[in-house]
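Colleague: My structure is below; once you've seen it, I'll send some questions.
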Amino acid sequence: MGKVDVQELQSGLRSSKKEERLAALERLHIMLREKEVDPSPLPLLAPLLGTPDPVERRMASWAIGKFAQNKVRGEYPLHRLIDLLTDEDEEVRENAAWALGELTSSGKGEESEIRSLNLLLEDPYPQVRGMAAWTLGRLAERLKIGHYTSIPPLRHMLQDNSLNARKSAIYALERLTALGIKER
């Protein structure tokens, strides 16, 4: 993506018009999928996490996760992502959990995430439960962060109807056990 395109992208992300922001987010998604990574749009995503439109929140949270997955250096809105773990939209919750898990690759994450992630282990949507478990596993594996309060809901997930949720629970339990974290 050339410099002019990035400037247009930035302008679209800053736009007061929802249609222009959504179009810019779509262009950013294409750019990130193609691994054309320019970090300059990253700071423009944080305000979009607080918009009333769930589509914008979904797209912005996914883009932040993709930036993290591509190991782009920059300021990530960690606390805004943590806040999104309680969003009304299930895809926003899933994307926020995924983005937080991806941020562990760059050493970003904190124990304050665990309480919200633990609550998501009982989310009505299996993809959200699975992503929360996966992120708990990443926190334990990469940042050596974990808490005994995660163990009971993760063990309960071993009976989950979703195979992916069960696999994520196993992954998290193995990582927590490796840290020496046990159920009290």
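Residue numbering restarts at 1 for every chain of the structure tokens, chains are lettered A, B, ... in their displayed order, and ligands are numbered from 1 as they appear.
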Hey, what's within 7 Å of Gly137 (chain A) if we count only C-alpha atoms and toss same-chain stuff fewer than 5 positions away? As a VMD selection string, please?
Modeller: chain A and resid 171 to 172 175 to 176
Colleague: For the residues in that selection, give me C-alpha atoms as a short mmCIF file (atom, residue, chain, number, x, y, z; two decimals), in the first residue's frame.
Modeller:
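Dumped to result-v8.cif:
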```
data_model
loop_
_atom_site.label_atom_id
_atom_site.label_comp_id
_atom_site.auth_asym_id
_atom_site.auth_seq_id
_atom_site.Cartn_x
_atom_site.Cartn_y
_atom_site.Cartn_z
CA TYR A 171 -4.58 -25.64 26.19
CA ALA A 172 -5.21 -23.12 28.99
CA ARG A 175 -0.34 -23.76 30.55
CA LEU A 176 -1.69 -22.88 33.99
#
```
Colleague: Might you pull out every residue within 12 Å of region 50-60 of chain A, with only C-alpha atoms counted and same-chain residues fewer than 3 positions away left off, and present them as a PyMOL selection string?
Modeller: chain A and resi 13+16-30+32+41-47+63-67+76-77+79-81+83-85+87-99
Colleague: Between CA of Leu119 (chain A) and CA of Asn70 (chain A), what is the distance in Å, rounded to a tenth?
Modeller: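 Result for CA of Leu119 (chain A) versus CA of Asn70 (chain A): 27.9 Å, one decimal.
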Colleague: I'd like to know which of A:Ser11, A:Arg73, A:Thr86, A:Trp62 is closest to Asp38 (chain A), using only C-alpha atoms.
Modeller: A:Arg73
Colleague: Among region 104-160 of chain A, which residues does DSSP mark as alpha helix (DSSP H) when it is run on the backbone? Keep the chain and numbering as in the structure and answer as a VMD selection string.
Modeller: chain A and resid 112 to 120 126 to 143 151 to 157
Colleague: Export, as a PDB file, in the first residue's frame, the selected residues with C-alpha atoms.
Modeller:
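Wrote out39.pdb, looks like this:
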```
ATOM      1  CA  SER A 112      -6.493  -7.477  35.354  1.00  0.00           C
ATOM      2  CA  GLU A 113      -7.605  -9.270  32.166  1.00  0.00           C
ATOM      3  CA  ILE A 114      -8.097 -12.572  33.960  1.00  0.00           C
ATOM      4  CA  ARG A 115     -11.306 -11.677  35.813  1.00  0.00           C
ATOM      5  CA  SER A 116     -13.042 -10.561  32.602  1.00  0.00           C
ATOM      6  CA  LEU A 117     -11.731 -13.554  30.665  1.00  0.00           C
ATOM      7  CA  ASN A 118     -12.947 -15.894  33.413  1.00  0.00           C
ATOM      8  CA  LEU A 119     -16.444 -14.437  33.034  1.00  0.00           C
ATOM      9  CA  LEU A 120     -16.287 -15.098  29.293  1.00  0.00           C
ATOM     10  CA  PRO A 126     -18.893 -21.119  22.149  1.00  0.00           C
ATOM     11  CA  GLN A 127     -16.499 -19.097  19.993  1.00  0.00           C
ATOM     12  CA  VAL A 128     -16.275 -16.470  22.760  1.00  0.00           C
ATOM     13  CA  ARG A 129     -15.723 -19.140  25.439  1.00  0.00           C
ATOM     14  CA  GLY A 130     -13.027 -20.765  23.347  1.00  0.00           C
ATOM     15  CA  MET A 131     -11.234 -17.517  22.615  1.00  0.00           C
ATOM     16  CA  ALA A 132     -11.290 -16.527  26.285  1.00  0.00           C
ATOM     17  CA  ALA A 133      -9.759 -19.878  27.244  1.00  0.00           C
ATOM     18  CA  TRP A 134      -7.123 -19.570  24.514  1.00  0.00           C
ATOM     19  CA  THR A 135      -6.196 -16.089  25.736  1.00  0.00           C
ATOM     20  CA  LEU A 136      -5.871 -17.322  29.319  1.00  0.00           C
ATOM     21  CA  GLY A 137      -3.506 -19.981  27.988  1.00  0.00           C
ATOM     22  CA  ARG A 138      -1.481 -17.371  26.099  1.00  0.00           C
ATOM     23  CA  LEU A 139      -1.209 -15.165  29.189  1.00  0.00           C
ATOM     24  CA  ALA A 140       0.092 -18.141  31.165  1.00  0.00           C
ATOM     25  CA  GLU A 141       2.441 -19.390  28.456  1.00  0.00           C
ATOM     26  CA  ARG A 142       3.940 -16.145  27.248  1.00  0.00           C
ATOM     27  CA  LEU A 143       3.671 -13.753  30.170  1.00  0.00           C
ATOM     28  CA  ILE A 151      -9.215 -23.453  36.881  1.00  0.00           C
ATOM     29  CA  PRO A 152     -12.848 -24.322  37.834  1.00  0.00           C
ATOM     30  CA  PRO A 153     -14.507 -22.701  34.785  1.00  0.00           C
ATOM     31  CA  LEU A 154     -11.837 -24.148  32.487  1.00  0.00           C
ATOM     32  CA  ARG A 155     -12.425 -27.624  33.925  1.00  0.00           C
ATOM     33  CA  HIS A 156     -16.153 -27.139  33.411  1.00  0.00           C
ATOM     34  CA  MET A 157     -15.408 -26.292  29.761  1.00  0.00           C
TER      35      MET A 157
END
```
Colleague: Could you work out how far CA of Ile181 (chain A) lies from CA of His147 (chain A), giving the answer in Å with one decimal?
Modeller: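 Pair CA of His147 (chain A) / CA of Ile181 (chain A) returns 6.7 Å.
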Colleague: By how many Å are CA of Ser105 (chain A) and CA of Gly146 (chain A) apart?
Modeller: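 Pair CA of Ser105 (chain A) / CA of Gly146 (chain A) returns 15.9 Å.
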Colleague: Considering only C-alpha atoms, state which residue in the set A:Pro39, A:Ile145, A:Ser150, A:Ile82 is at the smallest distance from Glu111 (chain A).
Modeller: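 The closest residue to Glu111 (chain A) is A:Ile145.
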